[in-house]
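Worksheet: one structure, shown below.
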Amino acid sequence: MKKLLSALLIALLTMATNVYAEDDPPPGQIGVSPSMLELSIGSKPVNESLRLFNLKKVPTKVKVEVYNWTLDENNEVKLLPPTEQSLDQWMLINPVSFLLEPGKSQVVRLSIRPPVKPAPGEHRALIYFTEEPADNVAPGEETPVEVLFKLGVGVYANASPTKKAATLTGLSLDKSGNTLRASITNSGNVHTRLKGIYSIWKKADFPGIHNAEKYVAGESAEKAPEGLVASGQLNQTPVLPGHTRTVVTQLPDLSAPGSYIVAVAGTLDEKKIEKTYPLSR
């Protein structure tokens, strides 16, 4: 029986979900660069390119599609019908299908040519690279489990004048200490992201948020103190223009009892954000 599993990588959300069969190659053997495009558009055509890599040992048949999109209330991608002002209608892509040989790469070129004047602000498209099922199974053979990938590359095209106007209306750590919630209102006409890092320290060794940020970002030449328990990137899911969303960053579990400090350092539209939270186990 034929089974179809999929690996969906949405670069624009900086998140990845991979599903694969036990005997198949692990995820990460198909890649795309760059993982996201941000560019400016106007009256002249804009040309860009993406490169898809096949690190698997078998040829891969790929189909390319482009869509208009938004994010729903759960920060999940929602495809939209095209409009006169949607970027997908202005984009020419070549090639739209190809066979990617093992260990090789393929350049996919795109050209943005608006037939009408772009409205000020952000225009978005989502380019999907989808693996198509193999068609070389001999008659009478059982079709093996297939693991098909689907890569999504977000394209953000800005038309002048643009306006950045995001507000962090709340930043909180839940009582369990495992979930950091950032509530963001974006009243501008381009998307925004909360960019930054978190770090978890033993309370007695906390060096202050300024030093903590330098240690975690690798800016300090000194060796990070032993009190650093964990660190990582904040969730950079975009908040689209005109939306208010809560972006959640999951923190690692702390099993050892003790007193800790959770430090958050980042920026929202170039505005500095620093916050610390006490945590006990």
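Residues are named by chain letter and number: chains run A, B, ... in the order of the structure tokens, numbers start at 1 in each chain, and ligands are numbered from 1 in the order shown.
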
Using only C-alpha atoms, determine which residues lie at most 7 Å from Ser259 in chain A, disregarding the query and same-chain residues fewer than 2 positions distant; provide the list as a PyMOL selection string.
chain A and resi 202-203+279-281

With N, CA and C atoms retained, export the selected residues as an mmCIF file, in the first residue's frame.
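again-v3.cif written:
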```cif
data_model
loop_
_atom_site.group_PDB
_atom_site.id
_atom_site.type_symbol
_atom_site.label_atom_id
_atom_site.label_comp_id
_atom_site.auth_asym_id
_atom_site.auth_seq_id
_atom_site.Cartn_x
_atom_site.Cartn_y
_atom_site.Cartn_z
ATOM 1 N N LYS A 202 21.509 30.342 36.915
ATOM 2 C CA LYS A 202 21.374 30.171 38.357
ATOM 3 C C LYS A 202 21.402 31.562 38.988
ATOM 4 N N LYS A 203 20.469 31.797 39.882
ATOM 5 C CA LYS A 203 20.283 33.147 40.412
ATOM 6 C C LYS A 203 21.568 33.719 41.013
ATOM 7 N N LEU A 279 12.664 32.692 38.916
ATOM 8 C CA LEU A 279 12.018 31.384 38.740
ATOM 9 C C LEU A 279 12.570 30.438 39.800
ATOM 10 N N SER A 280 11.678 29.733 40.483
ATOM 11 C CA SER A 280 12.089 28.777 41.524
ATOM 12 C C SER A 280 11.596 27.387 41.184
ATOM 13 N N ARG A 281 12.394 26.413 41.556
ATOM 14 C CA ARG A 281 12.041 25.006 41.354
ATOM 15 C C ARG A 281 12.101 24.259 42.686
#
```

Who sits within 8 Å of range 95-112 of chain A, only C-alpha atoms, same chain under 5 positions skipped, as an MDAnalysis selection string:
chainID A and resid 41 45:65 87 90

Just write the chosen residues, C-alpha atoms, as an mmCIF file, in the first residue's frame.
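And here's result03.cif as it stands now:
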```
data_model
loop_
_atom_site.group_PDB
_atom_site.id
_atom_site.type_symbol
_atom_site.label_atom_id
_atom_site.label_comp_id
_atom_site.auth_asym_id
_atom_site.auth_seq_id
_atom_site.Cartn_x
_atom_site.Cartn_y
_atom_site.Cartn_z
ATOM 1 C CA ILE A 41 9.708 47.113 -5.393
ATOM 2 C CA PRO A 45 11.383 44.919 -12.529
ATOM 3 C CA VAL A 46 13.174 43.259 -9.600
ATOM 4 C CA ASN A 47 15.098 40.029 -10.230
ATOM 5 C CA GLU A 48 16.161 37.510 -7.586
ATOM 6 C CA SER A 49 17.103 33.849 -7.418
ATOM 7 C CA LEU A 50 16.900 30.890 -5.056
ATOM 8 C CA ARG A 51 19.016 27.739 -5.059
ATOM 9 C CA LEU A 52 17.650 24.320 -4.123
ATOM 10 C CA PHE A 53 20.096 21.620 -2.934
ATOM 11 C CA ASN A 54 19.638 17.846 -3.116
ATOM 12 C CA LEU A 55 21.883 16.050 -0.619
ATOM 13 C CA LYS A 56 20.010 12.770 -0.987
ATOM 14 C CA LYS A 57 21.286 9.771 -2.958
ATOM 15 C CA VAL A 58 18.336 9.681 -5.343
ATOM 16 C CA PRO A 59 16.999 12.109 -7.970
ATOM 17 C CA THR A 60 14.186 14.379 -6.831
ATOM 18 C CA LYS A 61 11.401 15.692 -9.037
ATOM 19 C CA VAL A 62 10.352 19.175 -7.918
ATOM 20 C CA LYS A 63 7.347 21.365 -8.719
ATOM 21 C CA VAL A 64 7.341 25.121 -7.996
ATOM 22 C CA GLU A 65 4.186 27.075 -7.104
ATOM 23 C CA LEU A 87 2.691 39.706 -5.120
ATOM 24 C CA TRP A 90 3.415 39.928 -10.321
#
```

Pick out the closest residue to His243 in chain A from this set: A:Val32, A:Leu79, A:Val116, A:Ala165. Count only C-alpha atoms.
A:Ala165

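With only C-alpha atoms as the atoms that count, the residue of A:Thr237, A:Asn178, A:Thr192, A:Thr167 with the shortest distance to Tyr277 in chain A is A:Asn178.
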
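Closest approach to Gly227 in chain A among A:Val248, A:Ile200, A:Ile127, A:Leu194 is made by A:Ile200 (distances from only C-alpha atoms).
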